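Engineer: Next comes structure25.txt, compact mmCIF, C-alpha atoms:
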# COMPACT_ATOMS: atom_id res chain seq x y z
CA MET A 2 -18.59 -18.53 -3.64
CA TYR A 3 -17.86 -15.02 -2.34
CA ARG A 4 -14.21 -15.12 -3.39
CA ARG A 5 -14.91 -16.33 -6.93
CA PHE A 6 -18.19 -14.68 -7.89
CA VAL A 7 -19.08 -11.82 -5.52
CA LYS A 8 -15.94 -10.04 -4.35
CA ARG A 9 -14.86 -8.50 -7.68
CA PRO A 10 -18.34 -7.18 -8.77
CA LEU A 11 -18.83 -5.80 -5.24
CA ASP A 12 -15.43 -4.09 -5.35
CA PHE A 13 -16.37 -2.50 -8.68
CA LEU A 14 -19.64 -1.11 -7.32
CA ILE A 15 -18.12 0.12 -4.04
CA SER A 16 -15.19 1.84 -5.80
CA LEU A 17 -17.53 3.49 -8.32
CA PHE A 18 -19.78 4.76 -5.54
CA ALA A 19 -16.77 5.94 -3.49
CA ILE A 20 -15.28 7.82 -6.47
CA ILE A 21 -18.57 9.65 -7.01
CA LEU A 22 -19.06 10.36 -3.30
CA LEU A 23 -15.47 11.43 -2.64
CA SER A 24 -14.90 13.35 -5.88
CA PRO A 25 -15.09 16.77 -4.11
CA VAL A 26 -12.48 15.59 -1.58
CA MET A 27 -10.23 14.29 -4.35
CA LEU A 28 -10.56 17.50 -6.35
CA ILE A 29 -9.68 19.66 -3.34
CA THR A 30 -6.77 17.36 -2.44
CA ALA A 31 -5.50 17.47 -6.03
CA LEU A 32 -5.63 21.27 -6.02
CA LEU A 33 -3.73 21.48 -2.72
CA VAL A 34 -1.12 19.00 -3.96
CA ARG A 35 -0.62 21.09 -7.09
CA ILE A 36 -0.20 24.29 -5.05
CA LYS A 37 1.99 22.90 -2.27
CA LEU A 38 3.98 20.14 -3.97
CA GLY A 39 3.80 20.91 -7.68
CA SER A 40 3.04 18.64 -10.60
CA PRO A 41 2.36 15.96 -11.54
CA VAL A 42 -0.39 15.70 -8.95
CA ILE A 43 -0.66 11.92 -9.33
CA PHE A 44 2.28 9.70 -8.42
CA THR A 45 2.40 6.42 -10.35
CA GLN A 46 4.52 3.41 -9.56
CA GLU A 47 4.63 -0.15 -10.85
CA ARG A 48 3.54 -2.76 -8.33
CA PRO A 49 2.93 -6.54 -8.59
CA GLY A 50 -0.72 -7.49 -8.48
CA MET A 51 -2.63 -10.74 -8.66
CA ASN A 52 -0.41 -13.58 -9.97
CA GLU A 53 2.48 -11.07 -9.80
CA LYS A 54 1.17 -9.22 -12.86
CA ILE A 55 2.68 -5.73 -12.87
CA PHE A 56 0.31 -2.75 -12.89
CA LYS A 57 0.58 1.01 -12.33
CA MET A 58 -0.69 2.10 -8.94
CA TYR A 59 -1.99 5.65 -8.52
CA LYS A 60 -1.50 7.90 -5.51
CA PHE A 61 -1.52 11.60 -4.77
CA ARG A 62 2.09 12.71 -4.60
CA SER A 63 3.30 13.45 -1.08
CA MET A 64 6.87 14.63 -1.76
CA THR A 65 8.48 17.51 -3.61
CA ASN A 66 10.96 17.20 -6.50
CA GLU A 67 13.73 19.09 -4.71
CA LYS A 68 17.22 18.23 -5.96
CA ASP A 69 20.76 18.82 -4.75
CA GLU A 70 23.46 20.82 -6.57
CA ASN A 71 24.22 17.77 -8.75
CA GLY A 72 20.66 17.47 -9.95
CA LYS A 73 19.90 14.38 -7.86
CA LEU A 74 16.71 14.10 -5.84
CA LEU A 75 17.16 14.82 -2.16
CA PRO A 76 16.49 11.97 0.33
CA ASP A 77 12.82 11.14 0.91
CA SER A 78 12.97 12.50 4.45
CA GLN A 79 13.92 15.94 3.12
CA ARG A 80 11.31 15.97 0.34
CA LEU A 81 8.45 14.88 2.61
CA THR A 82 6.84 18.11 3.79
CA ARG A 83 4.40 18.66 6.65
CA PHE A 84 1.58 18.63 4.10
CA GLY A 85 2.88 15.36 2.65
CA LYS A 86 2.96 13.81 6.12
CA LEU A 87 -0.63 14.93 6.63
CA LEU A 88 -1.69 13.27 3.37
CA ARG A 89 -0.08 10.00 4.45
CA SER A 90 -1.29 10.01 8.04
CA THR A 91 -4.89 10.60 6.90
CA SER A 92 -4.53 8.16 3.97
CA LEU A 93 -5.78 10.86 1.59
CA ASP A 94 -2.80 10.09 -0.66
CA GLU A 95 -4.31 6.66 -1.35
CA LEU A 96 -7.68 7.83 -2.70
CA PRO A 97 -6.61 7.55 -6.39
CA GLU A 98 -6.21 3.80 -5.82
CA LEU A 99 -10.02 3.66 -6.10
CA PHE A 100 -9.44 3.89 -9.86
CA ASN A 101 -7.09 0.87 -9.64
CA ILE A 102 -9.93 -1.00 -7.95
CA LEU A 103 -12.39 0.11 -10.62
CA ASN A 104 -9.97 -1.14 -13.31
CA GLY A 105 -9.62 -4.52 -11.62
CA ASP A 106 -5.96 -4.22 -10.66
CA MET A 107 -6.79 -3.95 -6.97
CA ALA A 108 -9.52 -4.81 -4.48
CA ILE A 109 -11.03 -2.95 -1.56
CA ILE A 110 -9.54 -5.52 0.82
CA GLY A 111 -6.40 -7.58 0.22
CA PRO A 112 -2.64 -7.61 0.88
CA ARG A 113 -1.10 -4.22 0.17
CA PRO A 114 0.80 -4.04 -3.17
CA LEU A 115 4.51 -3.76 -2.44
CA LEU A 116 7.51 -2.80 -4.57
CA VAL A 117 8.42 -4.82 -7.66
CA ARG A 118 12.01 -5.13 -6.46
CA TYR A 119 10.81 -7.15 -3.46
CA LEU A 120 9.64 -10.07 -5.62
CA PRO A 121 12.89 -12.12 -5.37
CA TYR A 122 12.86 -11.88 -1.57
CA TYR A 123 9.60 -13.68 -0.77
CA SER A 124 9.55 -17.23 0.55
CA GLU A 125 7.37 -19.75 -1.31
CA GLU A 126 4.64 -19.35 1.29
CA GLU A 127 4.82 -15.55 1.20
CA ARG A 128 4.35 -15.55 -2.58
CA HIS A 129 0.78 -16.75 -1.98
CA ARG A 130 -0.06 -13.16 -1.02
CA HIS A 131 -0.22 -12.63 -4.81
CA ASP A 132 -2.91 -15.29 -5.25
CA VAL A 133 -5.44 -12.52 -4.69
CA ARG A 134 -5.79 -8.92 -5.85
CA PRO A 135 -3.86 -6.45 -3.68
CA GLY A 136 -6.04 -4.23 -1.54
CA LEU A 137 -6.59 -0.64 -0.52
CA SER A 138 -6.50 -2.00 3.02
CA GLY A 139 -5.93 -5.43 4.52
CA LEU A 140 -5.55 -7.54 7.61
CA ALA A 141 -1.98 -6.31 8.17
CA GLN A 142 -3.10 -2.67 7.96
CA ILE A 143 -5.62 -3.01 10.80
CA ASN A 144 -3.04 -4.84 12.90
CA GLY A 145 -0.22 -2.33 12.85
CA ARG A 146 0.32 -1.26 9.23
CA ASN A 147 3.95 -0.07 8.93
CA ALA A 148 4.58 -0.38 12.68
CA ILE A 149 4.98 -4.18 12.51
CA THR A 150 7.70 -6.41 11.06
CA TRP A 151 7.73 -7.82 7.55
CA GLU A 152 7.22 -11.32 8.93
CA GLU A 153 4.12 -10.19 10.82
CA LYS A 154 2.74 -8.42 7.74
CA PHE A 155 3.20 -11.48 5.56
CA ALA A 156 1.65 -13.75 8.20
CA TYR A 157 -1.47 -11.56 8.17
CA ASP A 158 -1.48 -11.52 4.33
CA ILE A 159 -1.37 -15.32 4.15
CA GLU A 160 -4.00 -15.62 6.88
CA TYR A 161 -6.29 -13.38 4.82
CA GLU A 162 -5.63 -15.24 1.56
CA LYS A 163 -6.63 -18.51 3.21
CA ASN A 164 -9.84 -17.16 4.69
CA ILE A 165 -11.55 -14.69 2.36
CA THR A 166 -15.18 -14.17 3.37
CA PHE A 167 -17.72 -11.38 3.11
CA ILE A 168 -17.90 -11.05 6.90
CA ASN A 169 -14.12 -10.77 7.23
CA ASP A 170 -13.97 -8.10 4.52
CA VAL A 171 -16.71 -6.08 6.24
CA LYS A 172 -14.86 -6.31 9.56
CA ILE A 173 -11.61 -5.13 7.96
CA ILE A 174 -13.38 -2.22 6.24
CA CYS A 175 -14.96 -1.10 9.53
CA LYS A 176 -11.68 -1.39 11.43
CA THR A 177 -9.86 0.47 8.63
CA ILE A 178 -12.27 3.39 8.88
CA LEU A 179 -11.69 3.54 12.65
CA LYS A 180 -7.91 3.40 12.14
CA VAL A 181 -8.02 6.26 9.63
CA PHE A 182 -10.02 8.49 11.97
CA LYS A 183 -7.77 7.62 14.91
CA ARG A 184 -4.67 7.84 12.66
CA SER A 185 -3.18 4.92 14.55
CA GLY A 186 -0.55 2.42 13.42
CA ILE A 187 0.80 4.89 10.85
CA LEU A 188 4.44 5.94 10.76
CA VAL A 189 5.62 8.66 8.39
CA GLY A 190 8.87 10.39 7.58
CA ASN A 191 11.75 9.61 9.93
CA GLU A 192 9.46 7.53 12.13
CA HIS A 193 9.84 4.47 9.90
CA ILE A 194 11.31 1.62 11.94
CA VAL A 195 11.11 -1.20 9.40
CA ARG A 196 13.82 -1.43 6.74
CA ASP A 197 13.03 -2.10 3.08
CA LEU A 198 12.41 -5.81 2.56
CA ASP A 199 15.39 -6.29 0.22
CA VAL A 200 17.71 -4.51 2.66
CA GLU A 201 16.30 -6.44 5.62
CA ARG A 202 16.75 -9.84 4.04
CA ASN A 203 20.14 -9.09 2.50
CA VAL A 204 21.36 -8.10 5.96
CA CYS A 205 19.90 -11.28 7.46
CA ASN A 206 21.58 -13.41 4.78
CA ALA A 207 24.91 -11.66 5.36
CA ASP A 208 24.62 -12.27 9.10
CA LYS A 209 23.97 -15.97 8.48
CA GLU A 210 27.00 -16.23 6.21
CA ASN A 211 29.19 -14.55 8.83
CA LEU A 212 28.02 -17.05 11.43
CA VAL A 213 28.90 -19.95 9.12
CA HIS A 214 32.38 -18.59 8.46
Could you write out this structure as structure tokens?

Structural biologist:
Amino acid sequence: MYRRFVKRPLDFLISLFAIILLSPVMLITALLVRIKLGSPVIFTQERPGMNEKIFKMYKFRSMTNEKDENGKLLPDSQRLTRFGKLLRSTSLDELPELFNILNGDMAIIGPRPLLVRYLPYYSEEERHRHDVRPGLSGLAQINGRNAITWEEKFAYDIEYEKNITFINDVKIICKTILKVFKRSGILVGNEHIVRDLDVERNVCNADKENLVH
């Protein structure tokens, strides 16, 4: 009942209210991003949503456009400034995703939308994370966010997909708010310890092949 008829209308109302309430914060953040990091203020990237339908996700940019002598962008670690790290650690960079929720591409709570290039690397069970709308926050985010392994993240995503209830969503929202204020479970810049999913699984496959041979 909640999953089919209540969750989406409730997400719409909550995101609309949040956009109105947080509009001064978003305006100030946008101005600071423009001054400190340049334009465009909004970073867009294609992500797979419900049923693996591709949509454009919005975020405040957190990196500069600095390039090397050959005109190529510098590595992420060099373009991520102290201000950018602050945006990520406080989750302020994710506020524009409220418009994705309003549009119906995302939900307040659900598995986080990952990169399109990861799609070939999911197992059949892991693909079920796309049976629901991706979320602004989710079960994996309150249990470690980017400080846990891919396997742990996907296990939490599948656990959520199998047990979507109003009470569970409220609990995740409350725990997310606490996490944001405590700024816990968040790794930024060179602190990342988990490799990209495609790199991780290509390495694992190569190791298996070496063992066979």

Engineer: If you measure from atom CA of Arg62 of chain A to atom CA of Arg128 of chain A, what distance in Å do you get, rounded to one decimal?

Structural biologist: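 Here the two named atoms are 28.4 Å from each other.
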
Engineer: Closest to Val204 of chain A among A:Gly139, A:Lys163, A:Ser24, A:Tyr122, using only C-alpha atoms?

Structural biologist: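 Nearest to Val204 of chain A: A:Tyr122.
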
Engineer: Taking into account only C-alpha atoms, which residue in the set A:Thr166, A:Ser138, A:Ser78, A:Ser40 is nearest to Phe6 of chain A?

Structural biologist: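 Looking only at the distances to Phe6 of chain A, the closest residue turns out to be A:Thr166.
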
Engineer: Please write as a list in words the list of polymer residues whose atoms come within 12 Å of (-17.6, -18.6, -2.6), counting all atoms listed in the file and keeping to the coordinates of the file.

Structural biologist: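 Those residues lying close to the given coordinates are Met2, Tyr3, Arg4, Arg5, Phe6, Val7, Lys8, Arg9, Asn164, Ile165, Thr166 and Phe167 of chain A.
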
Engineer: I'd like the neighbourhood of Pro49 of chain A as a list of chain:residue names, where a residue qualifies if any of its atoms comes within 8 Å (using all atoms listed in the file), though same-chain residues fewer than 2 positions away should be ignored.

Structural biologist: A:Glu47, A:Met51, A:Asn52, A:Glu53, A:Lys54, A:Ile55, A:Phe56, A:Pro114, A:Leu115, A:Leu116, A:Val117, A:His131

Engineer: Out of A:Glu201, A:Asp12, A:Glu127, A:Glu153, which residue has the shortest atom-to-atom distance to Ile109 of chain A when counting all atoms listed in the file?

Structural biologist: A:Asp12

Engineer: Do you know which residues are at most 9 Å from Ala141 of chain A counting only C-alpha atoms, after dropping those on the same chain fewer than 4 positions away, and could you put them as a PyMOL selection string?

Structural biologist: chain A and resi 112-113+145-147+149+153-158+161

Engineer: So which one's closest to Glu125 of chain A, A:Leu93, A:Val181, A:Ile159, A:Leu74? Using only C-alpha atoms, please.

Structural biologist: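 Distance minimum relative to Glu125 of chain A lands on A:Ile159.
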
Engineer: Could you list, as a PyMOL selection string, every residue within 7 Å of segment 95-103 of chain A, counting all atoms listed in the file and ignoring same-chain residues fewer than 5 positions away?

Structural biologist: chain A and resi 12-13+16-17+20+58-61+108-109+137

Engineer: Counting all atoms listed in the file, figure out which residue out of A:Arg202, A:Leu11, A:Arg35, A:Lys57 gets nearest to Asp170 of chain A.

Structural biologist: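 Among A:Arg202, A:Leu11, A:Arg35, A:Lys57, it is A:Leu11 that comes nearest to Asp170 of chain A.
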
Engineer: Could you jot down the atom CA of Val133 of chain A to atom CA of Asp106 of chain A separation for me, Å, one decimal place?

Structural biologist: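 Taking atom CA of Val133 of chain A as the start and atom CA of Asp106 of chain A as the end point, the length is 10.2 Å.
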
Engineer: To test the calculation: enclose all listed atoms of segment 80-84 of chain A in a box whose edges run along x, y and z, add 8 Å on each side, then state centre and edge lengths in Å to one decimal, as AutoDock Vina command-line options.

Structural biologist:
--center_x 6.4 --center_y 16.8 --center_z 3.5 --size_x 25.7 --size_y 19.8 --size_z 22.3
